[in-house]
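Here the structure is laid out as structure tokens; the discussion comes afterwards.
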Amino acid sequence: MKQNEIRLNNVVTVFKREFNYYFNTPIGYIFLITFSILLNFLFFYIARFWETGRSIRGFFDLLRIVYMFFIPAITMRLWSEEKKSGTVELLFTLPLSHTEVILGKFLSALSFLGVALVSTMFIPFTVWYSASPDWMIIFGGYFGAFLLGAAYIALGIYISWLNRDQISAFMVSLIVFIFLFLLGYQPVLQFLGPFKEIAAFLSVSWHYDSLARGLLDTRDILFFTMVSALFLYLNLRSIKMAR
Amino acid sequence: MIEAKGLSKSFGLFSAVKEISFNINKGEIVGLLGPNGAGKTTTMRMLTGFYEPSRGQVKIKGMNIDDSRREVQSLIGYLPESASSYHDMLVCDFLEFIGSARSLSDEQLKRGVDFAVSSTSLEKYFTRPIGQLSKGYKQRVGLAAALIHDPEVLILDEPTSGLDPNQIVEIQNLISELAKEKTIILSTHILKEVEETCKRVLIIADGRLVLDESLLALQGRRDGAIRLNATIESDNDPIGALSEKIQFLNPGSSRAEGRRHHISFATDDGEAPAKVFHECVARGWVLTELHREKKSLEEVFQQLTGVAKSAEG
């Protein structure tokens, strides 16, 4: 039998354990409520939805900012806690491959993000009720948000692997996400001069912007998929190195 | 069943385990002894596939662990030294998770859980969160998880650490019961535990294997060496005169209480008690007390691990 074969039921086993963690403890509910309240507050109050153009556009911009805090919060413990408490030893002496474990963890965080995104549906419905939005933009925006989330989660889990402590994993992820965000910010791009093309291409927000405008470009979809795969792969590499 | 060949593990410049080789046959129960930091846990982590050896290899049931990690890990039940369970889970959910990670069928899972729970007496705590259990019960949960798939090989890293004396006896009885049909390696620094449960001892000191012997042979080795304690009434300290007649293994000690001298020394001379007696008669001393002590496993342990340490320094 092949050693590198990925068994779906093993991925599901890890997935269930991790996904249930969010709901076994109050932590998942706290995250969801905070995420939802924060987004609504920012969208309706800070971004002044009622006074400005009543557009959905601002929602996806805000989502990107809330992500910088929310994603590290859901990924910070995925490895660091296992390493700190020592359960990583239990996990890696079960007949599960490292890939199966990483995928299970990744998919659990991604599904939790999915639940969080569904809980924000109130906002597009409000927009739909009070204005006439382009459903393509809403659909594209959610799709882009999900892909961006996947890339951030893969990166966040990798950072969690590199840190023994949840809080440091959170902080490092936050800093990295802010950096990636700024990479696509116009004034920063101006400053970078000749490198601005590369910076913009690498910038997560640049790809996100076009998806959030409702443009489903395969290049952007591919970009996020590749970024996710890259960090999951790097994670796998460093697990093997640590053995 | 378990074959370790030239097993070494380094972390950067520090080498934790150096060239350890041993063979453990099916059905054997082996105690892995050593001072803290000697490399016991690192060795066990290589046997279970958690660490990859820097050099050397591990074969379990003829399979190389690097090539067939999944199959090998399916054969092993492992109780790690530190946290061996997820504290946020209920005991039942945790055992189910382990069962499903081991791809057990519903039937196997049910049988495994029943067996593991009853042999570790966890029935009362089955639906409790693991985090709320006492240390002893957390340890039992870890042990139950290691037993759930009826493994051929059990690797237990300090199975009784942190338990109270009653719990220690219970776990030891369980291990002895399991030893009837499984191959077991357990590490501990409680020497009495090895004497009670194991048939063979491996002692590791500073990352090297310094002893690999059956407990029986070890007892034979210990019978050779004895410690004599004597109380002698005399004018002068008798220890000097005795050391001329008897070959001491250590400098010996002497404590005086007026004319009374309490002396103690180790020797491998079987005639030593008689020689002490004759010496007393010849010199006109009064021998008020004389008894021999068997050398304990502790002394073998101290001797071996102490020697290794001074050789290293």
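Ordering of the structure tokens sets the chain letters (A, B, ...); residue numbers start at 1 within each chain; ligands are numbered from 1 in the order shown.
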Interface rows for segment 98-170 of chain A against segment 217-231 of chain A: nearest pair, Å to one decimal, 7 Å, only C-alpha atoms, as CSV:
residue,atom,partner,partner_atom,distance
A:Leu147,CA,A:Phe224,CA,5.9
A:Leu148,CA,A:Phe224,CA,6.3
A:Ala150,CA,A:Ser228,CA,6.2
A:Ala151,CA,A:Ser228,CA,4.3
A:Ala154,CA,A:Ser228,CA,5.2
A:Leu155,CA,A:Phe231,CA,5.5
A:Tyr158,CA,A:Phe231,CA,6.4
Given the selection you just returned, output its residues as a file containing all heavy atoms, formatted as a PDB file, in the first residue's frame.
ATOM      1  N   LEU A 147     -12.518  32.414  -0.753  1.00  0.00           N
ATOM      2  CA  LEU A 147     -11.187  32.054  -1.270  1.00  0.00           C
ATOM      3  C   LEU A 147     -10.085  32.778  -0.504  1.00  0.00           C
ATOM      4  O   LEU A 147      -9.061  32.196  -0.147  1.00  0.00           O
ATOM      5  CB  LEU A 147     -11.088  32.401  -2.756  1.00  0.00           C
ATOM      6  CG  LEU A 147     -11.829  31.492  -3.710  1.00  0.00           C
ATOM      7  CD1 LEU A 147     -11.682  32.008  -5.141  1.00  0.00           C
ATOM      8  CD2 LEU A 147     -11.295  30.071  -3.624  1.00  0.00           C
ATOM      9  N   LEU A 148     -10.315  34.064  -0.257  1.00  0.00           N
ATOM     10  CA  LEU A 148      -9.336  34.830   0.519  1.00  0.00           C
ATOM     11  C   LEU A 148      -9.184  34.198   1.900  1.00  0.00           C
ATOM     12  O   LEU A 148      -8.074  34.029   2.406  1.00  0.00           O
ATOM     13  CB  LEU A 148      -9.813  36.286   0.661  1.00  0.00           C
ATOM     14  CG  LEU A 148      -8.983  37.177   1.575  1.00  0.00           C
ATOM     15  CD1 LEU A 148      -7.630  37.485   0.948  1.00  0.00           C
ATOM     16  CD2 LEU A 148      -9.706  38.490   1.887  1.00  0.00           C
ATOM     17  N   ALA A 150      -9.644  31.084   2.674  1.00  0.00           N
ATOM     18  CA  ALA A 150      -8.902  29.829   2.550  1.00  0.00           C
ATOM     19  C   ALA A 150      -7.399  30.096   2.557  1.00  0.00           C
ATOM     20  O   ALA A 150      -6.637  29.430   3.255  1.00  0.00           O
ATOM     21  CB  ALA A 150      -9.308  29.103   1.276  1.00  0.00           C
ATOM     22  N   ALA A 151      -6.981  31.109   1.784  1.00  0.00           N
ATOM     23  CA  ALA A 151      -5.555  31.428   1.716  1.00  0.00           C
ATOM     24  C   ALA A 151      -5.051  31.904   3.080  1.00  0.00           C
ATOM     25  O   ALA A 151      -3.990  31.476   3.556  1.00  0.00           O
ATOM     26  CB  ALA A 151      -5.306  32.496   0.656  1.00  0.00           C
ATOM     27  N   ALA A 154      -4.803  28.893   5.477  1.00  0.00           N
ATOM     28  CA  ALA A 154      -3.627  28.056   5.231  1.00  0.00           C
ATOM     29  C   ALA A 154      -2.384  28.720   5.807  1.00  0.00           C
ATOM     30  O   ALA A 154      -1.558  28.073   6.459  1.00  0.00           O
ATOM     31  CB  ALA A 154      -3.454  27.810   3.737  1.00  0.00           C
ATOM     32  N   LEU A 155      -2.291  30.027   5.605  1.00  0.00           N
ATOM     33  CA  LEU A 155      -1.148  30.765   6.134  1.00  0.00           C
ATOM     34  C   LEU A 155      -1.202  30.809   7.661  1.00  0.00           C
ATOM     35  O   LEU A 155      -0.190  30.610   8.341  1.00  0.00           O
ATOM     36  CB  LEU A 155      -1.156  32.180   5.538  1.00  0.00           C
ATOM     37  CG  LEU A 155      -0.065  33.163   5.961  1.00  0.00           C
ATOM     38  CD1 LEU A 155       1.313  32.559   5.781  1.00  0.00           C
ATOM     39  CD2 LEU A 155      -0.170  34.444   5.140  1.00  0.00           C
ATOM     40  N   TYR A 158      -0.161  27.557   9.184  1.00  0.00           N
ATOM     41  CA  TYR A 158       1.296  27.415   9.084  1.00  0.00           C
ATOM     42  C   TYR A 158       1.987  28.233  10.178  1.00  0.00           C
ATOM     43  O   TYR A 158       2.904  27.741  10.850  1.00  0.00           O
ATOM     44  CB  TYR A 158       1.748  27.866   7.690  1.00  0.00           C
ATOM     45  CG  TYR A 158       3.250  27.761   7.470  1.00  0.00           C
ATOM     46  CD1 TYR A 158       3.924  26.566   7.728  1.00  0.00           C
ATOM     47  CD2 TYR A 158       3.986  28.845   7.004  1.00  0.00           C
ATOM     48  CE1 TYR A 158       5.285  26.465   7.526  1.00  0.00           C
ATOM     49  CE2 TYR A 158       5.351  28.742   6.795  1.00  0.00           C
ATOM     50  CZ  TYR A 158       5.999  27.553   7.057  1.00  0.00           C
ATOM     51  OH  TYR A 158       7.347  27.454   6.854  1.00  0.00           O
TER      52      TYR A 158
END
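Neighbours of Ile6 of chain A closer than or equal to 8 Å, with only C-alpha atoms counted and sequence neighbours fewer than 4 positions away skipped, come out as Asn10, Val11, Ser97, Thr99 and Glu100 of chain A.
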- Task: Tell me, as a ChimeraX atom specification, which residues lie within 9 Å of segment 54-63 of chain A, counting only C-alpha atoms; anything in the same chain fewer than 3 positions away does not count.
- Result: /A:39-40,42-43,47-51,66-68,123-124,127-128,130-134,137-138,141-142,144-145,209,212-213
- chain A residues within 8 Å of chain B, counting only C-alpha atoms: which ones, as a VMD selection string? chain A and resid 3 10 13 to 14 17 21 24 to 25 85 to 87 89 to 90 92 to 97 243
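Between atom CA of Ile20 of chain B and atom CA of Leu143 of chain B the interatomic distance comes to 26.5 Å.
With atom CA of Ile168 of chain B on one side and atom CA of Glu3 of chain B on the other, the separation reads 29.0 Å.
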Residues at most 12 Å from Thr43 of chain B, counting only C-alpha atoms, excluding those fewer than 2 positions away in the same chain, as a compact mmCIF listing (two decimals) with all heavy atoms, in the first residue's frame?
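Result file selection_9.txt:
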# COMPACT_ATOMS: atom_id res chain seq x y z
N ALA B 4 15.61 -2.65 17.14
CA ALA B 4 16.22 -1.33 16.98
C ALA B 4 17.68 -1.56 16.64
O ALA B 4 18.36 -2.37 17.29
CB ALA B 4 16.10 -0.54 18.27
N LYS B 5 18.11 -0.90 15.59
CA LYS B 5 19.49 -1.12 15.15
C LYS B 5 20.22 0.22 15.03
O LYS B 5 19.83 1.06 14.23
CB LYS B 5 19.47 -1.84 13.80
CG LYS B 5 20.64 -2.81 13.63
CD LYS B 5 20.75 -3.30 12.21
CE LYS B 5 19.98 -4.58 11.94
NZ LYS B 5 19.94 -4.90 10.50
N GLY B 6 21.22 0.41 15.85
CA GLY B 6 22.06 1.61 15.77
C GLY B 6 21.28 2.90 15.84
O GLY B 6 21.60 3.88 15.17
N LEU B 7 20.26 2.89 16.68
CA LEU B 7 19.34 4.03 16.75
C LEU B 7 20.02 5.26 17.36
O LEU B 7 20.54 5.21 18.47
CB LEU B 7 18.17 3.62 17.63
CG LEU B 7 16.78 4.03 17.24
CD1 LEU B 7 16.52 3.71 15.79
CD2 LEU B 7 15.78 3.33 18.13
N SER B 8 20.02 6.37 16.61
CA SER B 8 20.60 7.62 17.13
C SER B 8 19.68 8.76 16.79
O SER B 8 19.01 8.75 15.77
CB SER B 8 21.96 7.90 16.49
OG SER B 8 22.83 6.82 16.68
N LYS B 9 19.65 9.73 17.68
CA LYS B 9 18.85 10.92 17.40
C LYS B 9 19.58 12.17 17.92
O LYS B 9 19.96 12.24 19.08
CB LYS B 9 17.49 10.82 18.09
CG LYS B 9 16.57 12.01 17.84
CD LYS B 9 16.04 12.01 16.43
CE LYS B 9 15.22 13.24 16.12
NZ LYS B 9 14.82 13.30 14.72
N SER B 10 19.78 13.12 17.01
CA SER B 10 20.42 14.38 17.42
C SER B 10 19.45 15.52 17.18
O SER B 10 18.68 15.51 16.24
CB SER B 10 21.68 14.64 16.61
OG SER B 10 22.40 13.46 16.42
N SER B 15 23.25 15.33 20.93
CA SER B 15 22.76 14.00 20.56
C SER B 15 22.12 13.35 21.77
O SER B 15 22.75 13.12 22.80
CB SER B 15 23.87 13.15 19.96
OG SER B 15 24.91 12.97 20.86
N ALA B 16 20.82 13.09 21.63
CA ALA B 16 20.02 12.61 22.75
C ALA B 16 20.12 11.10 22.91
O ALA B 16 20.11 10.58 24.02
CB ALA B 16 18.57 13.01 22.54
N VAL B 17 20.22 10.41 21.78
CA VAL B 17 20.32 8.96 21.82
C VAL B 17 21.45 8.55 20.89
O VAL B 17 21.56 9.05 19.78
CB VAL B 17 18.98 8.30 21.37
CG1 VAL B 17 19.16 6.81 21.15
CG2 VAL B 17 17.88 8.56 22.39
N LYS B 18 22.33 7.66 21.40
CA LYS B 18 23.52 7.30 20.63
C LYS B 18 23.59 5.80 20.41
O LYS B 18 23.76 5.04 21.36
CB LYS B 18 24.78 7.76 21.38
CG LYS B 18 24.82 9.25 21.66
CD LYS B 18 25.74 9.55 22.84
CE LYS B 18 25.50 10.94 23.38
NZ LYS B 18 26.05 11.14 24.71
N GLU B 19 23.43 5.40 19.17
CA GLU B 19 23.72 4.01 18.78
C GLU B 19 23.07 2.96 19.68
O GLU B 19 23.76 2.08 20.19
CB GLU B 19 25.24 3.79 18.78
CG GLU B 19 26.02 4.65 17.79
CD GLU B 19 25.87 4.15 16.36
OE1 GLU B 19 25.84 2.93 16.18
OE2 GLU B 19 25.76 4.99 15.46
N ILE B 20 21.78 3.04 19.85
CA ILE B 20 21.12 2.04 20.69
C ILE B 20 20.60 0.90 19.82
O ILE B 20 19.97 1.13 18.80
CB ILE B 20 19.96 2.68 21.48
CG1 ILE B 20 20.55 3.55 22.59
CG2 ILE B 20 19.04 1.62 22.06
CD1 ILE B 20 19.53 4.13 23.52
N SER B 21 20.92 -0.32 20.22
CA SER B 21 20.43 -1.50 19.49
C SER B 21 19.85 -2.49 20.48
O SER B 21 20.44 -2.72 21.53
CB SER B 21 21.56 -2.19 18.74
OG SER B 21 22.12 -1.34 17.79
N PHE B 22 18.72 -3.04 20.16
CA PHE B 22 18.18 -4.14 20.96
C PHE B 22 17.12 -4.86 20.15
O PHE B 22 16.66 -4.37 19.12
CB PHE B 22 17.60 -3.65 22.29
CG PHE B 22 16.57 -2.57 22.16
CD1 PHE B 22 15.25 -2.87 21.86
CD2 PHE B 22 16.92 -1.23 22.34
CE1 PHE B 22 14.31 -1.88 21.75
CE2 PHE B 22 15.98 -0.23 22.22
CZ PHE B 22 14.67 -0.54 21.91
N LEU B 32 12.32 -0.04 30.50
CA LEU B 32 13.34 0.88 30.01
C LEU B 32 13.65 1.85 31.15
O LEU B 32 12.78 2.62 31.55
CB LEU B 32 12.80 1.62 28.79
CG LEU B 32 13.75 2.46 27.96
CD1 LEU B 32 14.86 1.61 27.40
CD2 LEU B 32 13.00 3.12 26.83
N LEU B 33 14.86 1.74 31.66
CA LEU B 33 15.21 2.54 32.82
C LEU B 33 16.27 3.57 32.47
O LEU B 33 17.02 3.39 31.53
CB LEU B 33 15.82 1.64 33.90
CG LEU B 33 14.89 0.78 34.72
CD1 LEU B 33 15.72 -0.07 35.65
CD2 LEU B 33 13.97 1.67 35.52
N GLY B 34 16.34 4.60 33.26
CA GLY B 34 17.40 5.59 33.06
C GLY B 34 17.07 6.83 33.83
O GLY B 34 15.90 7.09 34.11
N GLY B 37 16.25 12.56 31.46
CA GLY B 37 17.09 13.16 30.42
C GLY B 37 18.08 12.18 29.81
O GLY B 37 18.95 12.57 29.05
N ALA B 38 17.93 10.87 30.12
CA ALA B 38 18.88 9.90 29.59
C ALA B 38 18.59 9.54 28.14
O ALA B 38 19.46 9.05 27.43
CB ALA B 38 18.85 8.64 30.45
N GLY B 39 17.36 9.79 27.70
CA GLY B 39 17.00 9.45 26.33
C GLY B 39 15.90 8.41 26.22
O GLY B 39 15.65 7.88 25.15
N LYS B 40 15.23 8.12 27.34
CA LYS B 40 14.15 7.12 27.31
C LYS B 40 13.02 7.57 26.38
O LYS B 40 12.58 6.83 25.51
CB LYS B 40 13.55 6.91 28.71
CG LYS B 40 14.50 6.32 29.72
CD LYS B 40 13.76 6.10 31.05
CE LYS B 40 13.17 7.35 31.62
NZ LYS B 40 13.81 8.01 32.69
N THR B 41 12.55 8.78 26.63
CA THR B 41 11.41 9.27 25.85
C THR B 41 11.78 9.41 24.37
O THR B 41 11.01 9.03 23.49
CB THR B 41 10.92 10.60 26.44
OG1 THR B 41 10.43 10.35 27.75
CG2 THR B 41 9.79 11.19 25.62
N ARG B 45 9.93 7.63 21.34
CA ARG B 45 9.36 8.41 20.24
C ARG B 45 9.85 7.91 18.88
O ARG B 45 9.15 8.04 17.88
CB ARG B 45 9.72 9.89 20.41
CG ARG B 45 8.89 10.54 21.50
CD ARG B 45 9.28 11.96 21.74
NE ARG B 45 8.33 12.59 22.64
CZ ARG B 45 8.45 13.83 23.11
NH1 ARG B 45 9.49 14.56 22.75
NH2 ARG B 45 7.55 14.32 23.92
N MET B 46 11.05 7.35 18.85
CA MET B 46 11.52 6.77 17.59
C MET B 46 10.83 5.44 17.32
O MET B 46 10.52 5.11 16.18
CB MET B 46 13.03 6.62 17.62
CG MET B 46 13.75 7.95 17.48
SD MET B 46 15.50 7.77 17.20
CE MET B 46 16.10 7.53 18.86
N LEU B 47 10.60 4.68 18.40
CA LEU B 47 9.93 3.38 18.23
C LEU B 47 8.50 3.55 17.72
O LEU B 47 7.97 2.69 17.03
CB LEU B 47 9.90 2.61 19.56
CG LEU B 47 11.24 2.19 20.15
CD1 LEU B 47 11.02 1.45 21.46
CD2 LEU B 47 12.02 1.31 19.18
N THR B 48 7.87 4.67 18.09
CA THR B 48 6.48 4.87 17.72
C THR B 48 6.32 5.69 16.44
O THR B 48 5.20 5.97 16.03
CB THR B 48 5.72 5.60 18.84
OG1 THR B 48 6.44 6.79 19.17
CG2 THR B 48 5.58 4.74 20.07
N GLY B 49 7.43 6.12 15.86
CA GLY B 49 7.35 6.87 14.61
C GLY B 49 7.08 8.34 14.78
O GLY B 49 6.80 9.04 13.81
N PHE B 50 7.13 8.83 16.00
CA PHE B 50 6.94 10.27 16.20
C PHE B 50 8.20 11.02 15.75
O PHE B 50 8.11 12.04 15.08
CB PHE B 50 6.63 10.58 17.67
CG PHE B 50 6.39 12.04 17.95
CD1 PHE B 50 5.34 12.70 17.33
CD2 PHE B 50 7.20 12.75 18.82
CE1 PHE B 50 5.11 14.05 17.58
CE2 PHE B 50 6.97 14.09 19.07
CZ PHE B 50 5.92 14.74 18.44
N TYR B 51 9.33 10.49 16.10
CA TYR B 51 10.61 11.03 15.61
C TYR B 51 11.16 10.09 14.54
O TYR B 51 10.96 8.88 14.62
CB TYR B 51 11.65 11.08 16.73
CG TYR B 51 11.51 12.19 17.71
CD1 TYR B 51 12.12 12.10 18.97
CD2 TYR B 51 10.81 13.35 17.40
CE1 TYR B 51 12.02 13.12 19.88
CE2 TYR B 51 10.71 14.38 18.33
CZ TYR B 51 11.31 14.27 19.57
OH TYR B 51 11.22 15.27 20.48
N GLU B 52 11.88 10.69 13.63
CA GLU B 52 12.59 9.91 12.65
C GLU B 52 14.02 9.79 13.18
O GLU B 52 14.61 10.81 13.52
CB GLU B 52 12.59 10.67 11.33
CG GLU B 52 12.74 9.81 10.13
CD GLU B 52 12.43 10.62 8.86
OE1 GLU B 52 12.41 11.86 8.92
OE2 GLU B 52 12.24 9.99 7.83
N PRO B 53 14.59 8.59 13.26
CA PRO B 53 15.96 8.48 13.77
C PRO B 53 16.94 9.25 12.88
O PRO B 53 16.76 9.27 11.67
CB PRO B 53 16.26 6.98 13.72
CG PRO B 53 14.95 6.30 13.52
CD PRO B 53 14.03 7.28 12.89
N SER B 54 17.96 9.88 13.49
CA SER B 54 18.98 10.53 12.69
C SER B 54 19.81 9.47 11.97
O SER B 54 20.21 9.64 10.83
CB SER B 54 19.91 11.37 13.56
OG SER B 54 19.16 12.26 14.35
N GLY B 56 20.29 4.86 11.96
CA GLY B 56 19.77 3.61 12.45
C GLY B 56 18.33 3.41 12.04
O GLY B 56 17.76 4.26 11.36
N GLN B 57 17.77 2.28 12.43
CA GLN B 57 16.39 2.02 12.03
C GLN B 57 15.61 1.21 13.06
O GLN B 57 16.18 0.55 13.91
CB GLN B 57 16.36 1.34 10.67
CG GLN B 57 17.06 -0.01 10.69
CD GLN B 57 16.83 -0.77 9.40
OE1 GLN B 57 16.18 -0.30 8.48
NE2 GLN B 57 17.34 -1.99 9.34
N VAL B 58 14.31 1.32 12.93
CA VAL B 58 13.40 0.55 13.79
C VAL B 58 12.58 -0.37 12.90
O VAL B 58 12.04 0.06 11.88
CB VAL B 58 12.43 1.49 14.52
CG1 VAL B 58 11.46 0.68 15.38
CG2 VAL B 58 13.17 2.49 15.37
N PRO B 80 1.90 8.29 25.55
CA PRO B 80 2.98 9.27 25.66
C PRO B 80 3.12 9.75 27.10
O PRO B 80 2.20 9.60 27.90
CB PRO B 80 2.55 10.42 24.76
CG PRO B 80 1.33 9.98 24.04
CD PRO B 80 0.75 8.86 24.83
N ILE B 155 3.58 0.45 24.01
CA ILE B 155 4.73 1.25 24.42
C ILE B 155 4.22 2.28 25.41
O ILE B 155 3.39 3.12 25.07
CB ILE B 155 5.41 1.88 23.19
CG1 ILE B 155 5.93 0.76 22.29
CG2 ILE B 155 6.54 2.80 23.62
CD1 ILE B 155 6.65 1.21 21.06
N LEU B 156 4.67 2.17 26.65
CA LEU B 156 4.12 3.00 27.71
C LEU B 156 5.22 3.86 28.32
O LEU B 156 6.18 3.34 28.88
CB LEU B 156 3.48 2.13 28.79
CG LEU B 156 2.52 1.04 28.29
CD1 LEU B 156 2.13 0.10 29.44
CD2 LEU B 156 1.27 1.65 27.68
N ASP B 157 5.10 5.17 28.18
CA ASP B 157 6.11 6.06 28.71
C ASP B 157 5.67 6.54 30.09
O ASP B 157 4.75 7.33 30.21
CB ASP B 157 6.31 7.25 27.75
CG ASP B 157 7.64 7.95 27.98
OD1 ASP B 157 8.34 7.59 28.95
OD2 ASP B 157 7.98 8.85 27.20
N ILE B 185 6.84 -2.51 26.13
CA ILE B 185 8.00 -1.77 26.64
C ILE B 185 7.44 -0.68 27.53
O ILE B 185 6.56 0.07 27.11
CB ILE B 185 8.79 -1.05 25.53
CG1 ILE B 185 9.27 -2.04 24.49
CG2 ILE B 185 9.99 -0.32 26.11
CD1 ILE B 185 10.17 -1.41 23.46
N LEU B 186 7.94 -0.58 28.74
CA LEU B 186 7.50 0.53 29.57
C LEU B 186 8.71 1.22 30.15
O LEU B 186 9.70 0.59 30.50
CB LEU B 186 6.52 0.07 30.66
CG LEU B 186 6.97 -0.86 31.75
CD1 LEU B 186 7.45 -0.09 32.96
CD2 LEU B 186 5.79 -1.72 32.17
N SER B 187 8.63 2.54 30.20
CA SER B 187 9.74 3.27 30.80
C SER B 187 9.29 3.76 32.16
O SER B 187 8.11 3.98 32.40
CB SER B 187 10.12 4.45 29.94
OG SER B 187 9.28 5.54 30.19
N LEU B 202 16.32 -2.75 30.23
CA LEU B 202 17.28 -1.98 29.44
C LEU B 202 17.57 -0.72 30.24
O LEU B 202 16.65 -0.03 30.64
CB LEU B 202 16.67 -1.57 28.09
CG LEU B 202 16.16 -2.64 27.14
CD1 LEU B 202 15.53 -1.99 25.91
CD2 LEU B 202 17.28 -3.55 26.71
N ILE B 203 18.83 -0.44 30.47
CA ILE B 203 19.16 0.81 31.16
C ILE B 203 19.87 1.74 30.19
O ILE B 203 20.82 1.34 29.51
CB ILE B 203 20.02 0.57 32.43
CG1 ILE B 203 19.22 -0.26 33.45
CG2 ILE B 203 20.44 1.89 33.06
CD1 ILE B 203 19.92 -0.49 34.76
N ILE B 204 19.36 2.95 30.12
CA ILE B 204 19.96 3.96 29.25
C ILE B 204 20.55 5.05 30.12
O ILE B 204 19.91 5.50 31.07
CB ILE B 204 18.90 4.58 28.31
CG1 ILE B 204 18.35 3.52 27.37
CG2 ILE B 204 19.48 5.72 27.50
CD1 ILE B 204 17.32 4.05 26.40
N ALA B 205 21.77 5.44 29.81
CA ALA B 205 22.36 6.56 30.53
C ALA B 205 23.08 7.43 29.51
O ALA B 205 23.80 6.91 28.65
CB ALA B 205 23.34 6.07 31.58
N ASP B 206 22.83 8.71 29.56
CA ASP B 206 23.43 9.65 28.61
C ASP B 206 23.27 9.20 27.17
O ASP B 206 24.20 9.29 26.37
CB ASP B 206 24.92 9.85 28.92
CG ASP B 206 25.08 10.80 30.08
OD1 ASP B 206 24.42 11.86 30.07
OD2 ASP B 206 25.84 10.47 31.00
N GLY B 207 22.10 8.70 26.85
CA GLY B 207 21.82 8.35 25.47
C GLY B 207 22.38 7.02 25.01
O GLY B 207 22.17 6.63 23.87
N ARG B 208 23.08 6.33 25.89
CA ARG B 208 23.63 5.03 25.48
C ARG B 208 22.97 3.90 26.26
O ARG B 208 22.57 4.08 27.41
CB ARG B 208 25.13 4.97 25.78
CG ARG B 208 25.96 5.79 24.85
CD ARG B 208 27.43 5.66 25.20
NE ARG B 208 28.15 6.84 24.75
CZ ARG B 208 28.45 7.06 23.49
NH1 ARG B 208 28.14 6.20 22.56
NH2 ARG B 208 29.10 8.18 23.16
N LEU B 209 22.93 2.74 25.61
CA LEU B 209 22.40 1.56 26.29
C LEU B 209 23.52 0.99 27.14
O LEU B 209 24.55 0.59 26.62
CB LEU B 209 21.94 0.56 25.24
CG LEU B 209 21.15 -0.64 25.74
CD1 LEU B 209 19.83 -0.20 26.33
CD2 LEU B 209 20.89 -1.60 24.60
May I have the residues within 7 Å of segment 105-114 of chain B as an mmCIF file with N, CA and C atoms, in the first residue's frame, using only C-alpha atoms and disregarding those fewer than 2 positions away in the same chain?
data_model
loop_
_atom_site.group_PDB
_atom_site.id
_atom_site.type_symbol
_atom_site.label_atom_id
_atom_site.label_comp_id
_atom_site.auth_asym_id
_atom_site.auth_seq_id
_atom_site.Cartn_x
_atom_site.Cartn_y
_atom_site.Cartn_z
ATOM 1 N N LEU B 95 -12.425 8.548 22.988
ATOM 2 C CA LEU B 95 -12.163 7.155 22.612
ATOM 3 C C LEU B 95 -12.721 6.857 21.218
ATOM 4 N N GLY B 99 -10.642 5.586 18.013
ATOM 5 C CA GLY B 99 -11.096 4.424 17.255
ATOM 6 C C GLY B 99 -11.251 4.738 15.785
ATOM 7 N N SER B 103 -9.303 3.602 12.189
ATOM 8 C CA SER B 103 -10.164 2.956 11.195
ATOM 9 C C SER B 103 -10.800 1.673 11.709
ATOM 10 N N ALA B 116 -11.356 -1.515 26.892
ATOM 11 C CA ALA B 116 -10.449 -0.484 27.412
ATOM 12 C C ALA B 116 -11.056 0.186 28.643
ATOM 13 N N VAL B 117 -12.345 0.466 28.587
ATOM 14 C CA VAL B 117 -12.992 1.167 29.691
ATOM 15 C C VAL B 117 -13.078 0.282 30.928
ATOM 16 N N SER B 118 -13.393 -1.010 30.712
ATOM 17 C CA SER B 118 -13.505 -1.850 31.902
ATOM 18 C C SER B 118 -12.123 -2.153 32.477
ATOM 19 N N ILE B 148 -7.402 0.466 22.845
ATOM 20 C CA ILE B 148 -8.695 0.346 22.164
ATOM 21 C C ILE B 148 -8.665 -0.560 20.933
ATOM 22 N N HIS B 149 -7.522 -0.614 20.249
ATOM 23 C CA HIS B 149 -7.466 -1.414 19.019
ATOM 24 C C HIS B 149 -6.785 -2.756 19.255
ATOM 25 N N ASP B 150 -6.710 -3.173 20.516
ATOM 26 C CA ASP B 150 -6.111 -4.448 20.886
ATOM 27 C C ASP B 150 -4.741 -4.618 20.216
#
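Relative to atom CA of Leu117 of chain A, atom CA of Ile102 of chain A is found at 22.4 Å.
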